[in-house]
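Source file: work02.pdb; contents: PDB, C-alpha atoms.
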ATOM      1  CA  MET A  19     213.830 147.388  55.377
ATOM      2  CA  ILE A  20     210.399 146.379  54.152
ATOM      3  CA  ALA A  21     210.306 147.343  50.452
ATOM      4  CA  HIS A  22     206.709 146.401  49.657
ATOM      5  CA  ILE A  23     203.730 144.522  51.018
ATOM      6  CA  ALA A  24     201.301 142.540  48.875
ATOM      7  CA  GLY A  25     198.158 141.062  50.354
ATOM      8  CA  ILE A  26     194.432 141.443  50.951
ATOM      9  CA  ILE A  27     192.875 144.623  52.384
ATOM     10  CA  THR A  28     191.008 143.465  55.512
ATOM     11  CA  GLU A  29     190.332 146.835  57.168
ATOM     12  CA  LYS A  30     190.046 150.347  55.772
ATOM     13  CA  PHE A  31     190.151 153.520  57.859
ATOM     14  CA  GLN A  32     190.266 157.255  57.144
ATOM     15  CA  ASN A  33     194.005 157.349  56.435
ATOM     16  CA  SER A  34     195.189 153.762  56.822
ATOM     17  CA  VAL A  35     194.501 150.173  55.848
ATOM     18  CA  ILE A  36     195.338 146.778  57.251
ATOM     19  CA  VAL A  37     196.842 144.416  54.699
ATOM     20  CA  ASP A  38     196.728 140.707  55.524
ATOM     21  CA  VAL A  39     199.849 138.931  54.276
ATOM     22  CA  ASN A  40     199.536 135.192  54.927
ATOM     23  CA  GLY A  41     197.780 135.707  58.257
ATOM     24  CA  VAL A  42     199.853 138.692  59.445
ATOM     25  CA  GLY A  43     198.119 142.087  59.381
ATOM     26  CA  TYR A  44     200.236 145.132  58.550
ATOM     27  CA  GLU A  45     198.754 148.556  59.229
ATOM     28  CA  LEU A  46     199.851 151.078  56.608
ATOM     29  CA  THR A  47     199.293 154.808  56.701
ATOM     30  CA  ILE A  48     198.353 155.833  53.169
ATOM     31  CA  SER A  49     197.437 159.056  51.365
ATOM     32  CA  THR A  50     193.859 160.216  50.795
ATOM     33  CA  PRO A  51     193.955 159.404  47.046
ATOM     34  CA  ASP A  52     195.134 155.857  47.850
ATOM     35  CA  VAL A  53     192.348 155.418  50.421
ATOM     36  CA  GLY A  54     189.913 156.309  47.645
ATOM     37  CA  ILE A  55     191.131 153.587  45.283
ATOM     38  CA  VAL A  56     191.402 150.588  47.629
ATOM     39  CA  ASN A  57     188.524 148.285  48.480
ATOM     40  CA  LEU A  58     188.024 145.694  51.194
ATOM     41  CA  ASP A  59     188.942 142.111  50.243
ATOM     42  CA  GLU A  60     191.012 143.402  47.322
ATOM     43  CA  LYS A  61     194.501 142.023  46.637
ATOM     44  CA  ILE A  62     196.913 144.932  46.437
ATOM     45  CA  LYS A  63     200.604 145.795  46.550
ATOM     46  CA  PHE A  64     201.946 148.826  48.398
ATOM     47  CA  TYR A  65     205.519 150.109  48.307
ATOM     48  CA  THR A  66     206.452 150.898  51.889
ATOM     49  CA  TYR A  67     208.540 153.213  53.989
ATOM     50  CA  HIS A  68     209.325 152.037  57.541
ATOM     51  CA  ALA A  69     209.691 155.021  59.885
ATOM     52  CA  ILE A  70     211.358 154.251  63.205
ATOM     53  CA  ARG A  71     211.274 156.848  65.930
ATOM     54  CA  GLU A  72     212.144 156.758  69.587
ATOM     55  CA  ASN A  73     208.602 155.921  70.670
ATOM     56  CA  ALA A  74     206.966 154.471  67.544
ATOM     57  CA  GLU A  75     207.390 152.384  64.422
ATOM     58  CA  GLU A  76     205.113 153.178  61.510
ATOM     59  CA  LEU A  77     204.680 151.795  58.002
ATOM     60  CA  TYR A  78     203.694 154.169  55.212
ATOM     61  CA  GLY A  79     202.249 152.687  52.034
ATOM     62  CA  PHE A  80     202.239 153.972  48.452
ATOM     63  CA  SER A  81     200.408 152.626  45.415
ATOM     64  CA  SER A  82     203.271 153.648  43.121
ATOM     65  CA  LEU A  83     207.035 153.752  43.329
ATOM     66  CA  ALA A  84     206.961 157.388  42.157
ATOM     67  CA  ALA A  85     204.824 158.312  45.184
ATOM     68  CA  LYS A  86     207.280 156.589  47.529
ATOM     69  CA  LYS A  87     210.266 158.379  45.983
ATOM     70  CA  LEU A  88     208.448 161.722  46.262
ATOM     71  CA  PHE A  89     207.655 160.929  49.928
ATOM     72  CA  GLU A  90     211.344 160.200  50.572
ATOM     73  CA  MET A  91     212.263 163.532  48.978
ATOM     74  CA  LEU A  92     209.687 165.352  51.109
ATOM     75  CA  ILE A  93     210.957 163.904  54.398
ATOM     76  CA  SER A  94     214.506 164.900  53.441
ATOM     77  CA  VAL A  95     213.413 168.540  53.796
ATOM     78  CA  ASN A  96     214.304 170.010  57.187
ATOM     79  CA  GLY A  97     211.154 170.246  59.330
ATOM     80  CA  VAL A  98     209.028 167.886  57.202
ATOM     81  CA  GLY A  99     208.330 164.588  58.888
ATOM     82  CA  PRO A 100     206.414 161.562  57.612
ATOM     83  CA  LYS A 101     203.009 162.895  58.716
ATOM     84  CA  ALA A 102     203.513 166.236  56.950
ATOM     85  CA  ALA A 103     204.819 164.445  53.854
ATOM     86  CA  MET A 104     201.695 162.246  53.781
ATOM     87  CA  ALA A 105     199.530 165.349  54.183
ATOM     88  CA  ILE A 106     201.268 166.899  51.159
ATOM     89  CA  LEU A 107     200.821 163.688  49.138
ATOM     90  CA  SER A 108     197.139 163.687  50.131
ATOM     91  CA  LEU A 109     196.611 166.936  48.206
ATOM     92  CA  GLY A 110     196.352 164.984  44.947
ATOM     93  CA  ASN A 111     198.099 162.311  42.990
ATOM     94  CA  PRO A 112     201.935 162.297  43.021
ATOM     95  CA  GLU A 113     202.133 164.021  39.637
ATOM     96  CA  ASP A 114     200.014 166.940  40.924
ATOM     97  CA  VAL A 115     202.289 167.343  43.953
ATOM     98  CA  ARG A 116     205.459 167.005  41.880
ATOM     99  CA  ASN A 117     204.131 169.541  39.388
ATOM    100  CA  ALA A 118     203.193 171.997  42.177
ATOM    101  CA  ILE A 119     206.749 171.812  43.532
ATOM    102  CA  ALA A 120     208.232 172.266  40.048
ATOM    103  CA  ASN A 121     205.962 175.301  39.466
ATOM    104  CA  ASP A 122     206.792 176.938  42.844
ATOM    105  CA  ASP A 123     203.118 176.680  43.875
ATOM    106  CA  VAL A 124     203.400 177.551  47.578
ATOM    107  CA  ALA A 125     199.622 177.996  47.899
ATOM    108  CA  PHE A 126     198.960 174.406  46.791
ATOM    109  CA  ILE A 127     201.578 172.844  49.101
ATOM    110  CA  SER A 128     200.526 174.954  52.101
ATOM    111  CA  LYS A 129     196.976 173.530  51.860
ATOM    112  CA  ALA A 130     198.298 170.323  53.428
ATOM    113  CA  SER A 131     197.272 169.777  57.027
ATOM    114  CA  GLY A 132     200.050 170.886  59.374
ATOM    115  CA  VAL A 133     202.104 172.529  56.614
ATOM    116  CA  GLY A 134     202.393 176.305  56.817
ATOM    117  CA  LYS A 135     203.606 178.783  54.251
ATOM    118  CA  LYS A 136     207.217 178.706  55.503
ATOM    119  CA  SER A 137     207.352 174.898  55.372
ATOM    120  CA  ALA A 138     205.812 174.925  51.893
ATOM    121  CA  GLU A 139     208.420 177.445  50.737
ATOM    122  CA  ARG A 140     211.205 175.290  52.211
ATOM    123  CA  VAL A 141     209.839 172.212  50.387
ATOM    124  CA  ILE A 142     209.838 174.091  47.100
ATOM    125  CA  VAL A 143     213.299 175.607  47.554
ATOM    126  CA  ASP A 144     214.832 172.264  48.555
ATOM    127  CA  LEU A 145     213.076 170.083  45.966
ATOM    128  CA  ARG A 146     212.289 172.121  42.857
ATOM    129  CA  ASP A 147     215.581 171.133  41.215
ATOM    130  CA  LYS A 148     215.133 167.481  42.190
ATOM    131  CA  VAL A 149     211.593 166.767  40.972
ATOM    132  CA  GLY A 150     212.099 167.424  37.275
ATOM    133  CA  LEU A 151     210.337 169.671  34.810
ATOM    134  CA  PRO A 152     206.675 170.559  35.299
ATOM    135  CA  SER A 153     204.245 168.529  33.210
ATOM    136  CA  HIS A 154     202.220 171.723  32.755
ATOM    137  CA  TYR A 155     202.931 175.287  33.766
ATOM    138  CA  GLY A 156     200.936 177.267  36.281
ATOM    139  CA  ARG A 157     198.080 176.046  38.400
ATOM    140  CA  SER A 158     195.354 174.179  36.599
ATOM    141  CA  PRO A 159     191.939 173.156  37.892
ATOM    142  CA  GLU A 160     193.005 169.499  37.642
ATOM    143  CA  ALA A 161     195.869 170.134  40.089
ATOM    144  CA  ILE A 162     193.487 171.482  42.714
ATOM    145  CA  VAL A 163     190.911 168.701  42.580
ATOM    146  CA  ILE A 164     191.837 165.363  44.123
ATOM    147  CA  ASN A 165     191.396 162.778  41.406
ATOM    148  CA  ALA A 166     191.954 159.405  43.033
ATOM    149  CA  LYS A 167     190.902 157.380  40.007
ATOM    150  CA  ARG A 168     193.538 158.767  37.634
ATOM    151  CA  PRO A 169     196.011 155.953  36.853
ATOM    152  CA  GLU A 170     199.605 156.267  37.947
ATOM    153  CA  ASP A 171     202.277 156.542  35.296
ATOM    154  CA  GLU A 172     203.617 152.996  35.018
ATOM    155  CA  ALA A 173     206.388 154.117  32.663
ATOM    156  CA  LEU A 174     207.643 156.562  35.312
ATOM    157  CA  ASP A 175     207.539 153.783  37.916
ATOM    158  CA  ALA A 176     209.471 151.492  35.560
ATOM    159  CA  LEU A 177     212.233 154.054  35.004
ATOM    160  CA  ILE A 178     212.509 154.676  38.750
ATOM    161  CA  ALA A 179     212.714 150.911  39.319
ATOM    162  CA  LEU A 180     215.571 150.839  36.797
ATOM    163  CA  GLY A 181     217.451 153.291  39.002
ATOM    164  CA  PHE A 182     216.625 156.641  37.416
ATOM    165  CA  PRO A 183     216.179 159.532  39.864
ATOM    166  CA  LEU A 184     212.676 161.087  39.730
ATOM    167  CA  LYS A 185     213.945 164.208  37.938
ATOM    168  CA  GLU A 186     215.747 162.266  35.202
ATOM    169  CA  ALA A 187     212.819 159.881  34.732
ATOM    170  CA  THR A 188     210.307 162.717  34.264
ATOM    171  CA  THR A 189     212.668 164.539  31.913
ATOM    172  CA  ALA A 190     213.182 161.384  29.828
ATOM    173  CA  LEU A 191     209.417 160.877  29.520
ATOM    174  CA  ALA A 192     208.612 164.544  28.813
ATOM    175  CA  ASP A 193     208.846 164.213  25.018
ATOM    176  CA  VAL A 194     207.419 160.689  24.765
ATOM    177  CA  ASP A 195     203.791 160.298  23.646
ATOM    178  CA  SER A 196     201.779 159.367  26.756
ATOM    179  CA  THR A 197     199.243 157.397  24.693
ATOM    180  CA  LEU A 198     201.813 154.751  23.717
ATOM    181  CA  PRO A 199     201.961 151.439  25.604
ATOM    182  CA  VAL A 200     204.088 151.463  28.770
ATOM    183  CA  GLU A 201     206.824 149.264  27.286
ATOM    184  CA  GLU A 202     207.171 151.516  24.236
ATOM    185  CA  ARG A 203     207.313 154.687  26.390
ATOM    186  CA  VAL A 204     210.074 153.157  28.543
ATOM    187  CA  ARG A 205     212.017 152.034  25.469
ATOM    188  CA  LEU A 206     211.795 155.512  23.881
ATOM    189  CA  ALA A 207     212.755 157.210  27.151
ATOM    190  CA  LEU A 208     215.809 154.957  27.478
ATOM    191  CA  LYS A 209     216.863 155.818  23.908
ATOM    192  CA  GLN A 210     216.893 159.514  24.827
ATOM    193  CA  LYS A 211     219.449 158.919  27.607
TER     194      LYS A 211
END
Would you mind writing the file's structure down as structure tokens?
Amino acid sequence: MIAHIAGIITEKFQNSVIVDVNGVGYELTISTPDVGIVNLDEKIKFYTYHAIRENAEELYGFSSLAAKKLFEMLISVNGVGPKAAMAILSLGNPEDVRNAIANDDVAFISKASGVGKKSAERVIVDLRDKVGLPSHYGRSPEAIVINAKRPEDEALDALIALGFPLKEATTALADVDSTLPVEERVRLALKQK
């Protein structure tokens, strides 16, 4: 299993990039927000998911570990494959998608290309108890607008890297001041456990 790829972006397309790693180019399918933040000739690290099917092998890339874990949850839902999961992740940053699932926002999830209302409802039913508490309740204008420049939550990524499931990591960080440095937020979240 390829866990991550770090290298230079040599090509950038509508929904994928080619990352050169010591002379070998890896094509990664990435979400729309990630396409918006990468630049050619930039050194970058993507967490990856290697999908193997009967007639194809594809690599999916994620700028954060939280996004990869959310992708893995999405493809665990019956009827949601990697392409539909990437379409859902392309609706906004991972926190927006996670929050929409936690808030039972079928309308938001069904906006994804190739995802109908029934699939969106199935995603919510299967995952709402796994994604953790909502960071805000109801739909907000920020959740509808794709904001590719908003930084990922490094403290959430750190807790996931330490082995916390996404739900437990978000719950642990819920009462921690988000303006604190990453190390302090992780330390305080670990104290709560």
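Computed from the coordinates, the atom CA of A:Gly79 to atom CA of A:Asp195 distance equals 29.4 Å.
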Got a sec: who's within 7 Å of stretch 41-49 of chain A, counting all atoms listed in the file, leaving out chain neighbours fewer than 3 positions off, as a ChimeraX atom specification? /A:33-38,52-53,77-80,104,107-108
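Distance-wise, atom CA of A:Phe64 and atom CA of A:His22 end up 5.5 Å apart.
As for atom CA of A:Ile106 and atom CA of A:Lys185, they are spaced 18.5 Å apart.
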Extract, using only C-alpha atoms, all DNA, RNA and protein residues at most 12 Å from A:Lys129, discarding same-chain residues fewer than 5 positions from it, and format them as JSON, numbers by chain. {"A": [102, 105, 106, 107, 108, 109, 110, 115, 118, 123, 124, 134, 135, 137, 138, 162]}
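Using all atoms listed in the file, the residues found no farther than 7 Å from stretch 175-184 of chain A, other than those of its own chain fewer than 2 positions away, are Ser82, Leu83, Ala84, Val149, Gly150, Asp171, Glu172, Ala173, Glu186, Ala187, Thr188 and Val204 of chain A.
With all atoms listed in the file as the atoms that count, the residue of A:Ala120, A:Ile70, A:Leu145, A:Ile62 with the shortest distance to A:Asn96 is A:Leu145.
In this comparison, which uses only C-alpha atoms, the residue of A:Ala190, A:Val98, A:Val141, A:Leu208 approaching A:Asp122 most closely is A:Val141.
Distance check against A:Val95 using only C-alpha atoms: of A:Ala130, A:Val143, A:Ile119, A:Ile27, the minimum falls on A:Val143.
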Point out the residue among A:Asn111, A:Pro100, A:Pro51, A:Lys87 with the least atom-to-atom distance to A:Arg71, counting only C-alpha atoms. A:Pro100
Enclosing box along x, y and z for every listed atom of stretch 93-103 of chain A, padded 3 Å each side, centre and size in Å, one decimal, as AutoDock Vina command-line options:
--center_x 208.8 --center_y 165.9 --center_z 56.4 --size_x 17.5 --size_y 14.7 --size_z 11.9
Pick from A:Arg140, A:Arg203, A:Arg146, A:Lys30, whichever lies nearest to A:Gly97 using all atoms listed in the file: A:Arg140
Could you rebuild stretch 134-145 of chain A with all heavy atoms and give me the result as a PDB file, keeping the file's coordinate frame?
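Final output, part13.pdb:
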ATOM      1  N   GLY A 134     202.586 174.867  56.978  1.00  0.00           N
ATOM      2  CA  GLY A 134     202.393 176.305  56.817  1.00  0.00           C
ATOM      3  C   GLY A 134     203.104 176.839  55.597  1.00  0.00           C
ATOM      4  O   GLY A 134     203.778 176.104  54.862  1.00  0.00           O
ATOM      5  N   LYS A 135     202.993 178.139  55.418  1.00  0.00           N
ATOM      6  CA  LYS A 135     203.606 178.783  54.251  1.00  0.00           C
ATOM      7  C   LYS A 135     205.129 178.638  54.268  1.00  0.00           C
ATOM      8  O   LYS A 135     205.731 178.349  53.237  1.00  0.00           O
ATOM      9  CB  LYS A 135     203.213 180.257  54.220  1.00  0.00           C
ATOM     10  CG  LYS A 135     203.699 180.971  52.987  1.00  0.00           C
ATOM     11  CD  LYS A 135     203.262 182.419  52.951  1.00  0.00           C
ATOM     12  CE  LYS A 135     203.823 183.061  51.691  1.00  0.00           C
ATOM     13  NZ  LYS A 135     203.727 184.499  51.698  1.00  0.00           N
ATOM     14  N   LYS A 136     205.746 178.815  55.422  1.00  0.00           N
ATOM     15  CA  LYS A 136     207.217 178.706  55.503  1.00  0.00           C
ATOM     16  C   LYS A 136     207.688 177.296  55.173  1.00  0.00           C
ATOM     17  O   LYS A 136     208.671 177.109  54.457  1.00  0.00           O
ATOM     18  CB  LYS A 136     207.706 179.130  56.883  1.00  0.00           C
ATOM     19  CG  LYS A 136     207.571 180.620  57.133  1.00  0.00           C
ATOM     20  CD  LYS A 136     208.718 181.106  57.966  1.00  0.00           C
ATOM     21  CE  LYS A 136     208.556 182.558  58.306  1.00  0.00           C
ATOM     22  NZ  LYS A 136     209.060 183.443  57.306  1.00  0.00           N
ATOM     23  N   SER A 137     206.983 176.285  55.683  1.00  0.00           N
ATOM     24  CA  SER A 137     207.352 174.898  55.372  1.00  0.00           C
ATOM     25  C   SER A 137     207.155 174.613  53.891  1.00  0.00           C
ATOM     26  O   SER A 137     207.982 173.947  53.263  1.00  0.00           O
ATOM     27  CB  SER A 137     206.523 173.919  56.200  1.00  0.00           C
ATOM     28  OG  SER A 137     206.849 174.029  57.560  1.00  0.00           O
ATOM     29  N   ALA A 138     206.074 175.122  53.321  1.00  0.00           N
ATOM     30  CA  ALA A 138     205.812 174.925  51.893  1.00  0.00           C
ATOM     31  C   ALA A 138     206.912 175.573  51.060  1.00  0.00           C
ATOM     32  O   ALA A 138     207.377 174.996  50.072  1.00  0.00           O
ATOM     33  CB  ALA A 138     204.445 175.492  51.519  1.00  0.00           C
ATOM     34  N   GLU A 139     207.333 176.775  51.459  1.00  0.00           N
ATOM     35  CA  GLU A 139     208.420 177.445  50.737  1.00  0.00           C
ATOM     36  C   GLU A 139     209.718 176.651  50.839  1.00  0.00           C
ATOM     37  O   GLU A 139     210.455 176.530  49.864  1.00  0.00           O
ATOM     38  CB  GLU A 139     208.628 178.860  51.297  1.00  0.00           C
ATOM     39  CG  GLU A 139     207.506 179.807  50.937  1.00  0.00           C
ATOM     40  CD  GLU A 139     207.581 181.139  51.692  1.00  0.00           C
ATOM     41  OE1 GLU A 139     208.350 181.251  52.675  1.00  0.00           O
ATOM     42  OE2 GLU A 139     206.852 182.059  51.280  1.00  0.00           O
ATOM     43  N   ARG A 140     209.989 176.084  52.017  1.00  0.00           N
ATOM     44  CA  ARG A 140     211.205 175.290  52.211  1.00  0.00           C
ATOM     45  C   ARG A 140     211.167 174.041  51.326  1.00  0.00           C
ATOM     46  O   ARG A 140     212.173 173.665  50.730  1.00  0.00           O
ATOM     47  CB  ARG A 140     211.353 174.903  53.686  1.00  0.00           C
ATOM     48  CG  ARG A 140     212.713 174.321  54.008  1.00  0.00           C
ATOM     49  CD  ARG A 140     212.923 174.042  55.483  1.00  0.00           C
ATOM     50  NE  ARG A 140     212.553 175.130  56.357  1.00  0.00           N
ATOM     51  CZ  ARG A 140     211.608 175.054  57.302  1.00  0.00           C
ATOM     52  NH1 ARG A 140     210.950 173.946  57.512  1.00  0.00           N
ATOM     53  NH2 ARG A 140     211.325 176.096  58.057  1.00  0.00           N
ATOM     54  N   VAL A 141     209.995 173.397  51.244  1.00  0.00           N
ATOM     55  CA  VAL A 141     209.839 172.212  50.387  1.00  0.00           C
ATOM     56  C   VAL A 141     210.169 172.578  48.944  1.00  0.00           C
ATOM     57  O   VAL A 141     210.925 171.879  48.262  1.00  0.00           O
ATOM     58  CB  VAL A 141     208.399 171.643  50.494  1.00  0.00           C
ATOM     59  CG1 VAL A 141     208.102 170.679  49.356  1.00  0.00           C
ATOM     60  CG2 VAL A 141     208.186 170.960  51.837  1.00  0.00           C
ATOM     61  N   ILE A 142     209.630 173.689  48.492  1.00  0.00           N
ATOM     62  CA  ILE A 142     209.838 174.091  47.100  1.00  0.00           C
ATOM     63  C   ILE A 142     211.297 174.451  46.841  1.00  0.00           C
ATOM     64  O   ILE A 142     211.891 174.008  45.853  1.00  0.00           O
ATOM     65  CB  ILE A 142     208.876 175.243  46.732  1.00  0.00           C
ATOM     66  CG1 ILE A 142     207.460 174.677  46.631  1.00  0.00           C
ATOM     67  CG2 ILE A 142     209.294 175.925  45.440  1.00  0.00           C
ATOM     68  CD1 ILE A 142     206.370 175.685  46.516  1.00  0.00           C
ATOM     69  N   VAL A 143     211.902 175.213  47.739  1.00  0.00           N
ATOM     70  CA  VAL A 143     213.299 175.607  47.554  1.00  0.00           C
ATOM     71  C   VAL A 143     214.210 174.380  47.534  1.00  0.00           C
ATOM     72  O   VAL A 143     215.102 174.262  46.694  1.00  0.00           O
ATOM     73  CB  VAL A 143     213.738 176.602  48.658  1.00  0.00           C
ATOM     74  CG1 VAL A 143     215.241 176.774  48.678  1.00  0.00           C
ATOM     75  CG2 VAL A 143     213.048 177.940  48.446  1.00  0.00           C
ATOM     76  N   ASP A 144     213.969 173.447  48.465  1.00  0.00           N
ATOM     77  CA  ASP A 144     214.832 172.264  48.555  1.00  0.00           C
ATOM     78  C   ASP A 144     214.616 171.258  47.424  1.00  0.00           C
ATOM     79  O   ASP A 144     215.544 170.546  47.049  1.00  0.00           O
ATOM     80  CB  ASP A 144     214.616 171.552  49.894  1.00  0.00           C
ATOM     81  CG  ASP A 144     215.235 172.303  51.065  1.00  0.00           C
ATOM     82  OD1 ASP A 144     215.812 173.391  50.855  1.00  0.00           O
ATOM     83  OD2 ASP A 144     215.135 171.804  52.199  1.00  0.00           O
ATOM     84  N   LEU A 145     213.387 171.175  46.899  1.00  0.00           N
ATOM     85  CA  LEU A 145     213.076 170.083  45.966  1.00  0.00           C
ATOM     86  C   LEU A 145     212.836 170.491  44.514  1.00  0.00           C
ATOM     87  O   LEU A 145     212.809 169.622  43.648  1.00  0.00           O
ATOM     88  CB  LEU A 145     211.858 169.297  46.470  1.00  0.00           C
ATOM     89  CG  LEU A 145     211.994 168.638  47.829  1.00  0.00           C
ATOM     90  CD1 LEU A 145     210.727 167.872  48.164  1.00  0.00           C
ATOM     91  CD2 LEU A 145     213.202 167.725  47.884  1.00  0.00           C
TER      92      LEU A 145
END
